[in-house]
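Text of protein_39.csv, listed as CSV, C-alpha atoms and all ligand atoms:
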```csv
chain,number,residue,atom,x,y,z
F,2,ALA,CA,-71.1,-142.9,-10.7
F,3,SER,CA,-74.3,-142.9,-8.8
F,4,ARG,CA,-74.3,-141.3,-5.4
F,5,VAL,CA,-75.5,-143.2,-2.4
F,6,ARG,CA,-77.9,-141.0,-0.5
F,7,PRO,CA,-78.8,-141.6,3.2
F,8,SER,CA,-82.4,-142.6,2.9
F,9,ILE,CA,-85.4,-141.9,5.1
F,10,VAL,CA,-86.9,-144.9,6.7
F,11,HIS,CA,-90.7,-144.5,6.5
F,12,ALA,CA,-93.1,-144.9,9.4
F,13,ASP,CA,-94.5,-148.2,8.1
F,14,SER,CA,-91.1,-149.8,7.8
F,15,THR,CA,-90.8,-153.0,9.9
F,16,SER,CA,-87.0,-153.0,9.7
F,17,LEU,CA,-86.4,-150.7,12.8
F,18,PRO,CA,-86.5,-152.0,16.4
F,19,SER,CA,-89.6,-150.5,18.0
F,20,ILE,CA,-87.6,-149.5,21.1
F,21,LEU,CA,-85.9,-146.6,19.2
F,22,PRO,CA,-87.2,-143.2,20.2
F,23,GLN,CA,-88.9,-141.5,17.3
F,24,ALA,CA,-89.7,-138.0,16.3
F,25,SER,CA,-93.5,-137.8,16.0
F,26,GLY,CA,-93.7,-141.4,14.9
F,27,ILE,CA,-91.1,-141.0,12.2
F,28,PRO,CA,-88.1,-143.4,12.7
F,29,ALA,CA,-84.7,-141.7,12.6
F,30,THR,CA,-82.8,-141.6,9.3
F,31,ASN,CA,-80.0,-144.2,9.0
F,32,ALA,CA,-77.6,-141.4,8.1
F,33,LYS,CA,-74.8,-140.7,10.4
F,34,LEU,CA,-75.2,-137.1,11.6
F,35,GLY,CA,-72.5,-134.7,12.7
F,36,PHE,CA,-73.2,-131.5,14.6
F,37,LEU,CA,-70.7,-128.6,14.8
F,38,GLY,CA,-71.6,-125.9,17.4
F,39,LEU,CA,-73.3,-126.7,20.6
F,40,GLY,CA,-74.4,-123.3,21.8
F,41,ILE,CA,-77.9,-122.4,23.0
F,42,MET,CA,-79.5,-123.3,19.6
F,43,GLY,CA,-77.1,-125.9,18.2
F,44,GLY,CA,-76.9,-127.7,21.6
F,45,ALA,CA,-80.7,-127.9,21.9
F,46,MET,CA,-81.1,-129.2,18.3
F,47,ALA,CA,-78.3,-131.8,18.7
F,48,MET,CA,-79.9,-133.0,21.9
F,49,ASN,CA,-83.3,-133.4,20.3
F,50,LEU,CA,-81.7,-135.4,17.4
F,51,ILE,CA,-80.0,-137.7,20.0
F,52,LYS,CA,-83.2,-138.1,22.0
F,53,THR,CA,-85.2,-139.1,18.9
F,54,GLY,CA,-82.8,-142.0,18.1
F,55,HIS,CA,-80.5,-140.4,15.5
F,56,ASP,CA,-76.9,-141.4,15.3
F,57,VAL,CA,-75.2,-138.1,16.3
F,58,SER,CA,-71.6,-137.1,16.6
F,59,VAL,CA,-70.7,-133.7,18.0
F,60,TRP,CA,-67.8,-131.2,18.0
F,61,ASN,CA,-67.6,-127.8,19.7
F,62,ARG,CA,-64.8,-125.3,19.8
F,63,THR,CA,-65.0,-125.2,23.6
F,64,ALA,CA,-64.7,-128.9,24.4
F,65,SER,CA,-66.2,-128.8,27.8
F,66,LYS,CA,-69.7,-128.2,26.3
F,67,THR,CA,-69.6,-131.7,24.8
F,68,VAL,CA,-69.8,-133.6,28.1
F,69,GLN,CA,-73.6,-133.7,28.4
F,70,PHE,CA,-73.9,-134.9,24.8
F,71,ARG,CA,-71.5,-137.8,25.4
F,72,ASN,CA,-73.6,-138.7,28.5
F,73,GLU,CA,-76.7,-138.8,26.2
F,74,GLY,CA,-75.0,-141.2,23.8
F,75,ALA,CA,-73.4,-138.9,21.2
F,76,THR,CA,-69.9,-139.6,19.9
F,77,VAL,CA,-67.6,-136.7,20.7
F,78,TYR,CA,-64.8,-135.8,18.2
F,79,ASP,CA,-61.9,-133.5,18.9
F,80,THR,CA,-61.7,-132.2,15.3
F,81,LYS,CA,-64.0,-131.0,12.5
F,82,ARG,CA,-62.1,-133.3,10.2
F,83,GLN,CA,-63.2,-136.4,12.3
F,84,ILE,CA,-66.8,-135.2,12.1
F,85,VAL,CA,-66.7,-135.0,8.3
F,86,GLU,CA,-64.9,-138.3,7.9
F,87,ASN,CA,-67.3,-140.2,10.2
F,88,CYS,CA,-70.6,-138.6,9.2
F,89,ASP,CA,-72.9,-138.4,6.2
F,90,ILE,CA,-74.7,-135.2,7.0
F,91,ILE,CA,-73.0,-132.4,8.9
F,92,PHE,CA,-75.0,-129.7,10.6
F,93,ALA,CA,-73.5,-126.4,11.7
F,94,CYS,CA,-74.9,-123.8,14.0
F,95,VAL,CA,-72.5,-121.1,15.1
F,96,SER,CA,-72.7,-117.5,16.0
F,97,ASP,CA,-72.3,-115.4,12.9
F,98,PRO,CA,-70.9,-115.2,9.4
F,99,LYS,CA,-67.3,-115.1,10.5
F,100,ALA,CA,-67.8,-118.3,12.6
F,101,ALA,CA,-69.7,-120.0,9.8
F,102,ARG,CA,-66.9,-119.2,7.4
F,103,ASP,CA,-64.3,-120.3,9.9
F,104,LEU,CA,-65.9,-123.7,10.2
F,105,VAL,CA,-65.7,-124.2,6.4
F,106,PHE,CA,-62.7,-122.3,5.2
F,107,GLY,CA,-60.6,-121.9,8.4
F,108,ASN,CA,-57.8,-123.9,9.8
F,109,GLY,CA,-58.9,-127.6,9.9
F,110,GLY,CA,-62.2,-126.5,8.3
F,111,VAL,CA,-64.6,-128.9,6.8
F,112,LEU,CA,-64.2,-128.0,3.2
F,113,LYS,CA,-60.9,-129.8,2.7
F,114,PHE,CA,-62.6,-133.1,3.8
F,115,MET,CA,-65.9,-132.8,1.9
F,116,ASP,CA,-66.6,-135.1,-1.0
F,117,GLU,CA,-69.6,-136.3,-3.1
F,118,ASP,CA,-70.9,-138.6,-0.3
F,119,LYS,CA,-71.2,-135.7,2.2
F,120,SER,CA,-73.9,-133.2,2.9
F,121,TYR,CA,-73.6,-129.9,4.8
F,122,VAL,CA,-76.5,-128.1,6.5
F,123,ASP,CA,-75.7,-124.6,7.9
F,124,MET,CA,-78.2,-123.5,10.4
F,125,SER,CA,-76.4,-120.4,11.5
F,126,THR,CA,-78.0,-117.0,10.8
F,127,VAL,CA,-75.7,-115.4,8.3
F,128,ASP,CA,-76.0,-112.9,5.4
F,129,PRO,CA,-77.0,-114.3,2.0
F,130,GLU,CA,-73.5,-113.7,0.6
F,131,THR,CA,-71.9,-116.0,3.2
F,132,ALA,CA,-74.5,-118.7,2.6
F,133,ILE,CA,-73.9,-118.6,-1.1
F,134,GLU,CA,-70.1,-118.7,-0.7
F,135,ILE,CA,-70.3,-121.6,1.6
F,136,GLY,CA,-72.8,-123.4,-0.6
F,137,ASP,CA,-70.7,-122.9,-3.7
F,138,ALA,CA,-67.6,-124.2,-1.9
F,139,ILE,CA,-69.4,-127.3,-0.6
F,140,ARG,CA,-70.8,-128.0,-4.1
F,141,SER,CA,-67.4,-127.5,-5.7
F,142,LYS,CA,-66.3,-130.6,-3.7
F,143,GLY,CA,-69.3,-132.6,-4.9
F,144,GLY,CA,-71.2,-132.3,-1.6
F,145,ARG,CA,-74.8,-131.3,-1.1
F,146,PHE,CA,-75.6,-128.0,0.7
F,147,LEU,CA,-78.7,-126.7,2.4
F,148,GLU,CA,-78.9,-123.4,4.3
F,149,ALA,CA,-81.4,-123.8,7.2
F,150,PRO,CA,-81.5,-120.9,9.6
F,151,VAL,CA,-84.1,-121.3,12.4
F,152,SER,CA,-86.7,-119.0,13.9
F,153,GLY,CA,-87.3,-119.5,17.7
F,154,SER,CA,-85.0,-119.1,20.7
F,155,LYS,CA,-84.0,-121.4,23.5
F,156,GLY,CA,-87.4,-122.5,24.6
F,157,PRO,CA,-88.7,-123.6,21.2
F,158,ALA,CA,-85.3,-125.1,20.4
F,159,GLN,CA,-85.4,-127.3,23.6
F,160,LEU,CA,-89.0,-128.3,22.9
F,161,GLY,CA,-88.2,-129.2,19.2
F,162,GLU,CA,-90.6,-126.5,18.0
F,163,LEU,CA,-88.4,-124.3,15.8
F,164,ILE,CA,-89.4,-123.0,12.4
F,165,ILE,CA,-86.8,-123.8,9.8
F,166,MET,CA,-86.2,-121.9,6.6
F,167,CYS,CA,-84.4,-124.1,4.1
F,168,ALA,CA,-82.9,-123.4,0.7
F,169,GLY,CA,-80.5,-125.2,-1.6
F,170,ASP,CA,-80.4,-128.9,-2.4
F,171,ARG,CA,-83.9,-130.2,-2.5
F,172,THR,CA,-82.9,-133.9,-2.2
F,173,LEU,CA,-81.0,-133.1,1.0
F,174,TYR,CA,-84.1,-131.3,2.3
F,175,VAL,CA,-86.1,-134.4,1.7
F,176,ASP,CA,-83.5,-136.6,3.3
F,177,LEU,CA,-83.7,-134.5,6.5
F,178,TYR,CA,-87.3,-135.4,7.2
F,179,SER,CA,-86.8,-137.2,10.5
F,180,CYS,CA,-84.3,-134.6,11.6
F,181,MET,CA,-86.7,-131.7,10.9
F,182,GLU,CA,-89.4,-133.6,12.7
F,183,ALA,CA,-87.2,-133.9,15.7
F,184,ILE,CA,-86.2,-130.2,16.0
F,185,SER,CA,-89.0,-128.2,14.4
F,186,LYS,CA,-92.8,-127.7,14.2
F,187,LYS,CA,-92.7,-126.5,10.6
F,188,TRP,CA,-90.0,-126.4,7.9
F,189,PHE,CA,-90.1,-124.6,4.6
F,190,PHE,CA,-88.2,-125.0,1.3
F,191,LEU,CA,-87.7,-121.6,-0.2
F,192,SER,CA,-85.5,-121.9,-3.3
F,193,GLU,CA,-82.0,-120.8,-4.2
F,194,VAL,CA,-79.3,-120.6,-1.5
F,195,GLY,CA,-79.4,-117.1,0.0
F,196,SER,CA,-83.2,-116.9,0.1
F,197,ALA,CA,-83.4,-118.6,3.5
F,198,ALA,CA,-80.8,-116.2,4.9
F,199,LYS,CA,-82.8,-113.3,3.6
F,200,MET,CA,-86.1,-114.6,5.0
F,201,LYS,CA,-84.5,-115.1,8.4
F,202,LEU,CA,-83.1,-111.6,8.4
F,203,VAL,CA,-86.5,-110.1,7.5
F,204,VAL,CA,-88.1,-112.1,10.3
F,205,ASN,CA,-85.5,-111.1,12.9
F,206,SER,CA,-85.5,-107.5,11.9
F,207,ILE,CA,-89.2,-107.3,12.6
F,208,MET,CA,-88.7,-109.0,15.9
F,209,GLY,CA,-85.9,-106.7,16.8
F,210,ALA,CA,-88.0,-103.6,16.1
F,211,GLN,CA,-91.0,-105.1,17.9
F,212,MET,CA,-88.8,-105.8,21.0
F,213,ALA,CA,-87.5,-102.3,21.0
F,214,ALA,CA,-91.0,-100.8,20.7
F,215,LEU,CA,-92.2,-103.0,23.6
F,216,ALA,CA,-89.2,-101.9,25.8
F,217,GLU,CA,-89.9,-98.2,25.0
F,218,GLY,CA,-93.6,-98.6,25.6
F,219,MET,CA,-93.0,-100.2,29.0
F,220,ALA,CA,-90.6,-97.4,29.9
F,221,LEU,CA,-93.1,-94.8,28.8
F,222,ALA,CA,-95.8,-96.5,30.9
F,223,GLU,CA,-93.6,-96.4,34.0
F,224,ARG,CA,-92.6,-92.8,33.4
F,225,CYS,CA,-96.4,-92.0,33.2
F,226,GLU,CA,-96.9,-93.9,36.5
F,227,LEU,CA,-99.0,-96.5,34.7
F,228,ASP,CA,-99.0,-100.1,36.0
F,229,GLN,CA,-96.8,-102.2,33.6
F,230,VAL,CA,-98.6,-105.4,34.6
F,231,THR,CA,-101.9,-103.9,33.5
F,232,LEU,CA,-100.2,-102.7,30.3
F,233,LEU,CA,-99.1,-106.2,29.5
F,234,GLU,CA,-102.5,-107.7,30.2
F,235,ILE,CA,-104.1,-105.1,27.9
F,236,LEU,CA,-101.6,-105.9,25.2
F,237,SER,CA,-101.9,-109.7,25.6
F,238,LEU,CA,-105.7,-109.6,25.3
F,239,GLY,CA,-105.7,-107.5,22.1
F,240,ALA,CA,-104.3,-107.8,18.6
F,241,LEU,CA,-100.8,-107.4,19.9
F,242,GLY,CA,-101.0,-110.4,22.1
F,243,SER,CA,-98.1,-112.8,21.5
F,244,LYS,CA,-95.6,-115.1,23.1
F,245,MET,CA,-93.1,-112.3,22.6
F,246,VAL,CA,-95.1,-109.7,24.5
F,247,ASN,CA,-95.7,-112.2,27.3
F,248,LEU,CA,-92.2,-113.6,27.6
F,249,LYS,CA,-90.2,-110.4,27.0
F,250,GLY,CA,-92.7,-108.3,29.0
F,251,SER,CA,-92.3,-110.6,32.0
F,252,ALA,CA,-88.6,-110.5,31.7
F,253,ILE,CA,-88.7,-106.7,31.8
F,254,LEU,CA,-91.1,-106.8,34.8
F,255,GLU,CA,-88.8,-109.1,36.7
F,256,SER,CA,-85.6,-107.3,35.4
F,257,ASN,CA,-84.3,-110.8,34.7
F,258,PHE,CA,-82.6,-111.3,31.4
F,259,PRO,CA,-81.1,-114.8,31.1
F,260,PRO,CA,-80.1,-115.2,27.4
F,261,ASN,CA,-82.8,-117.0,25.5
F,262,PHE,CA,-81.8,-115.0,22.5
F,263,PRO,CA,-78.6,-113.2,23.4
F,264,LEU,CA,-78.8,-109.5,22.6
F,265,ARG,CA,-75.4,-109.6,20.7
F,266,LEU,CA,-77.0,-112.0,18.2
F,267,ALA,CA,-80.1,-109.9,17.9
F,268,GLN,CA,-77.9,-106.9,17.1
F,269,LYS,CA,-75.9,-109.0,14.6
F,270,ASP,CA,-79.1,-109.9,12.8
F,271,LEU,CA,-80.2,-106.2,12.6
F,272,ARG,CA,-76.8,-105.3,11.3
F,273,LEU,CA,-77.1,-108.0,8.6
F,274,ALA,CA,-80.7,-106.9,7.8
F,275,LEU,CA,-79.5,-103.3,7.3
F,276,SER,CA,-76.8,-104.5,5.0
F,277,LEU,CA,-79.4,-106.5,3.0
F,278,SER,CA,-81.6,-103.4,2.8
F,279,GLU,CA,-78.7,-101.5,1.4
F,280,THR,CA,-78.1,-104.0,-1.4
F,281,VAL,CA,-81.7,-103.8,-2.5
F,282,HIS,CA,-82.2,-100.0,-1.8
F,283,GLN,CA,-85.1,-100.7,0.6
F,284,PRO,CA,-85.5,-98.1,3.3
F,285,ILE,CA,-86.1,-99.6,6.8
F,286,PRO,CA,-85.9,-96.6,9.1
F,287,VAL,CA,-87.8,-98.1,12.0
F,288,ILE,CA,-85.5,-101.2,12.0
F,289,ALA,CA,-82.4,-99.0,11.6
F,290,SER,CA,-83.5,-96.9,14.5
F,291,ALA,CA,-84.1,-100.0,16.7
F,292,ASN,CA,-80.6,-101.1,15.8
F,293,GLU,CA,-79.2,-97.9,17.5
F,294,LEU,CA,-80.7,-99.1,20.8
F,295,TYR,CA,-79.2,-102.5,20.5
F,296,LYS,CA,-75.8,-100.9,19.6
F,297,ARG,CA,-76.1,-98.8,22.7
F,298,SER,CA,-77.0,-101.9,24.7
F,299,MET,CA,-73.9,-103.6,23.4
F,300,SER,CA,-71.8,-100.6,24.7
F,301,ALA,CA,-73.5,-101.1,28.0
F,302,ASN,CA,-72.2,-104.7,28.2
F,303,LEU,CA,-75.6,-106.2,27.8
F,304,GLY,CA,-74.6,-108.4,24.8
F,305,ASP,CA,-74.7,-111.7,26.7
F,306,ARG,CA,-78.0,-111.0,28.3
F,307,ASP,CA,-81.3,-111.6,26.5
F,308,MET,CA,-82.5,-109.2,23.8
F,309,ALA,CA,-85.2,-107.9,26.2
F,310,ALA,CA,-82.3,-106.3,28.1
F,311,VAL,CA,-82.6,-103.5,25.6
F,312,TYR,CA,-85.1,-102.2,28.1
F,313,GLU,CA,-82.1,-101.3,30.4
F,314,VAL,CA,-81.0,-98.6,27.9
F,315,VAL,CA,-84.4,-97.1,27.2
F,316,HIS,CA,-85.4,-97.0,30.8
F,317,GLN,CA,-82.9,-94.6,32.5
X,401,LIG,P1,-74.4,-119.2,21.2
X,401,LIG,O1,-75.1,-119.8,22.3
X,401,LIG,O2,-73.7,-117.9,21.4
X,401,LIG,O3,-73.4,-120.3,20.6
X,401,LIG,C1,-72.5,-120.0,19.6
X,401,LIG,C2,-71.8,-121.2,19.1
X,401,LIG,O4,-70.9,-120.8,18.0
X,401,LIG,C3,-70.9,-121.9,20.1
X,401,LIG,O5,-71.0,-123.3,19.9
X,401,LIG,C4,-69.6,-121.3,19.8
X,401,LIG,O6,-68.5,-122.1,20.3
X,401,LIG,C5,-69.6,-121.3,18.3
X,401,LIG,N1,-68.6,-120.5,17.7
X,401,LIG,C6,-68.5,-119.1,17.7
X,401,LIG,N2,-67.5,-118.7,17.0
X,401,LIG,C7,-66.9,-119.8,16.5
X,401,LIG,C8,-65.7,-120.0,15.7
X,401,LIG,N3,-65.0,-119.0,15.2
X,401,LIG,N4,-65.4,-121.3,15.4
X,401,LIG,C9,-66.2,-122.3,15.8
X,401,LIG,N5,-67.2,-122.2,16.6
X,401,LIG,C10,-67.6,-121.0,16.9
X,401,LIG,O7,-75.4,-118.9,20.0
X,401,LIG,P2,-76.8,-119.6,19.6
X,401,LIG,O8,-76.6,-121.1,19.7
X,401,LIG,O9,-77.8,-118.9,20.4
X,401,LIG,O10,-76.9,-119.2,18.1
X,401,LIG,C11,-76.3,-119.9,17.1
X,401,LIG,C12,-76.8,-119.4,15.7
X,401,LIG,O11,-78.3,-119.6,15.6
X,401,LIG,C13,-76.6,-117.9,15.5
X,401,LIG,O12,-76.3,-117.6,14.2
X,401,LIG,C14,-78.0,-117.3,15.9
X,401,LIG,O13,-78.2,-116.0,15.3
X,401,LIG,C15,-79.0,-118.3,15.5
X,401,LIG,P3,-68.0,-121.9,21.8
X,401,LIG,O14,-68.9,-122.8,22.6
X,401,LIG,O15,-68.1,-120.5,22.1
X,401,LIG,O16,-66.6,-122.4,21.8
```

Translate the structure described by the file into structure tokens.
Ligand code: NA7
Amino acid sequence: ASRVRPSIVHADSTSLPSILPQASGIPATNAKLGFLGLGIMGGAMAMNLIKTGHDVSVWNRTASKTVQFRNEGATVYDTKRQIVENCDIIFACVSDPKAARDLVFGNGGVLKFMDEDKSYVDMSTVDPETAIEIGDAIRSKGGRFLEAPVSGSKGPAQLGELIIMCAGDRTLYVDLYSCMEAISKKWFFLSEVGSAAKMKLVVNSIMGAQMAALAEGMALAERCELDQVTLLEILSLGALGSKMVNLKGSAILESNFPPNFPLRLAQKDLRLALSLSETVHQPIPVIASANELYKRSMSANLGDRDMAAVYEVVHQ
């Protein structure tokens, strides 16, 4: 039997009322979207989908987080089952591999309710093994699967300027055009499921080590009685100038670490990157060493603060 795919309505279509908000001029797909996980990242992405005229239903483990989405026009469901039954494409964005597996395989998980008319897009940052296991399971029920971890933290997520690494079902990737426009500035198709997870872990391992080096450098500057503001200005004017240096450097200067990217998730990504490096026998001693600082930060109860709070353990 031929499968009915939710289709993209193209910009020159006259069938859509012009009052609908659009993502960069692209009318929203007609597909009914479900979103599981309304944390910092998932919440911002779901909100941008709603604001660009998509039909969005949401579920979150902690129900109180759904209120603002209902107020913006989303349908709120109490169970994952209802999301699957009422939606064509289900997005998930939860903390870690355990949470991502729980959503699919756990009690009331989505797998039981998936069929050949459903698609599942996992945007959580997980290890490649988890992505492959989830992808295989969804496909075993006839559904389409795309892994789509994102690069960028709270600010880019709210601005719809994430960078998205996708791998898996190419037709689903194409069908997500208006969604990707709504939440990202660039999206990539890599290849087989697992490759996006690997790419994301490589990206975040570099970021974790860079953050740790910035924290140590700022601590060293202070210990040498150098002005940290001047240090940041010198860095930002040279080859190391970056949003990361500016934003995280300012956070350190102000000793203010609201969680744009919670430290516990940064440490999770380093842990997963280290495991990846072991499977392919690639030494990553600088990244491994940075991970020790994040582990120490976790012991110092800094996990729910921003990753820049790693400064607190290098600056004693
Ligand atoms: P947050 O803000 O810590 O949000 C985590 C979300 O994951 C939140 O909705 C949690 O629900 C949900 N979660 C965690 N564990 C579970 C389980 N077991 N079952 C269902 N839902 C769960 O993280 P971010 O939004 O910053 O990051 C999400 C992902 O993107 C992560 O992989 C990052 O590395 C990148 P809660 O509200 O706590 O009930």

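The shortest atom-to-atom distance to ligand LIG 401 (chain X), with all atoms listed in the file taken into account, belongs to F:Leu37 out of F:Leu163, F:Ala220, F:Leu37, F:Val230.
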
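Pairwise distance (atom CA of Gly156 of chain F, atom CA of Asp307 of chain F) equals 12.6 Å.
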
Rows by chain and residue number, chain F within 8 Å of ligand LIG 401 (chain X), shortest pair, all atoms listed in the file, as a tab-separated table:
```
residue	atom	partner	partner_atom	distance
F:Leu37	CA	X:LIG401	O5	7.4
F:Gly38	CA	X:LIG401	O5	3.7
F:Leu39	CA	X:LIG401	O5	4.2
F:Gly40	CA	X:LIG401	O3	3.4
F:Ile41	CA	X:LIG401	O8	3.8
F:Met42	CA	X:LIG401	O8	3.6
F:Gly43	CA	X:LIG401	O8	5.1
F:Gly44	CA	X:LIG401	O8	6.9
F:Asn61	CA	X:LIG401	O5	5.6
F:Arg62	CA	X:LIG401	O16	4.0
F:Thr63	CA	X:LIG401	O16	3.7
F:Ala64	CA	X:LIG401	O16	7.3
F:Lys66	CA	X:LIG401	O14	6.6
F:Cys94	CA	X:LIG401	C12	5.1
F:Val95	CA	X:LIG401	O4	3.3
F:Ser96	CA	X:LIG401	C13	4.0
F:Asp97	CA	X:LIG401	O12	4.7
F:Pro98	CA	X:LIG401	O12	7.6
F:Lys99	CA	X:LIG401	N3	6.5
F:Ala100	CA	X:LIG401	N3	3.9
F:Ala101	CA	X:LIG401	C8	7.1
F:Asp103	CA	X:LIG401	N3	5.5
F:Leu104	CA	X:LIG401	N4	5.7
F:Met124	CA	X:LIG401	O11	6.5
F:Ser125	CA	X:LIG401	O12	3.9
F:Thr126	CA	X:LIG401	O12	3.8
F:Val127	CA	X:LIG401	O12	6.3
F:Pro150	CA	X:LIG401	C15	6.9
F:Val151	CA	X:LIG401	C15	6.7
F:Ser152	CA	X:LIG401	C15	7.9
F:Ser154	CA	X:LIG401	O9	7.2
F:Lys155	CA	X:LIG401	O9	7.4
F:Asn261	CA	X:LIG401	O9	7.4
F:Phe262	CA	X:LIG401	O9	6.0
F:Pro263	CA	X:LIG401	O9	6.5
F:Leu266	CA	X:LIG401	O13	5.1
F:Ala267	CA	X:LIG401	O13	6.9
F:Lys269	CA	X:LIG401	O13	7.4
F:Asp270	CA	X:LIG401	O13	6.7
```

For Ala274 of chain F, the nearest of the candidates F:Gly109, F:Gly209, F:Gly136, F:Gly143, counting all atoms listed in the file:
F:Gly209

Have a look at atom CA of Asp137 of chain F and atom CA of Gly35 of chain F and let me know their distance in Å, one decimal.
20.3 Å

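Closest to Gly250 of chain F among F:Glu226, F:Glu217, F:Glu279, F:Asp123 is F:Glu217, based on only C-alpha atoms.
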
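If only C-alpha atoms are the atoms counted, then among F:Ala158, F:Ile285, F:Gln268, F:Ser256 the closest residue to Glu313 of chain F is F:Ser256.
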
Do you know which residues lie at most 6 Å from (-93.0, -126.6, 19.1), with coordinates as in the file and all atoms listed in the file counted, and could you write them as a ChimeraX atom specification?
/F:157,160-162,186

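Shortest separation to Ser196 of chain F among F:Cys225, F:Met115, F:Ala240, F:Glu148 occurs at residue F:Glu148, atoms counted being all atoms listed in the file.
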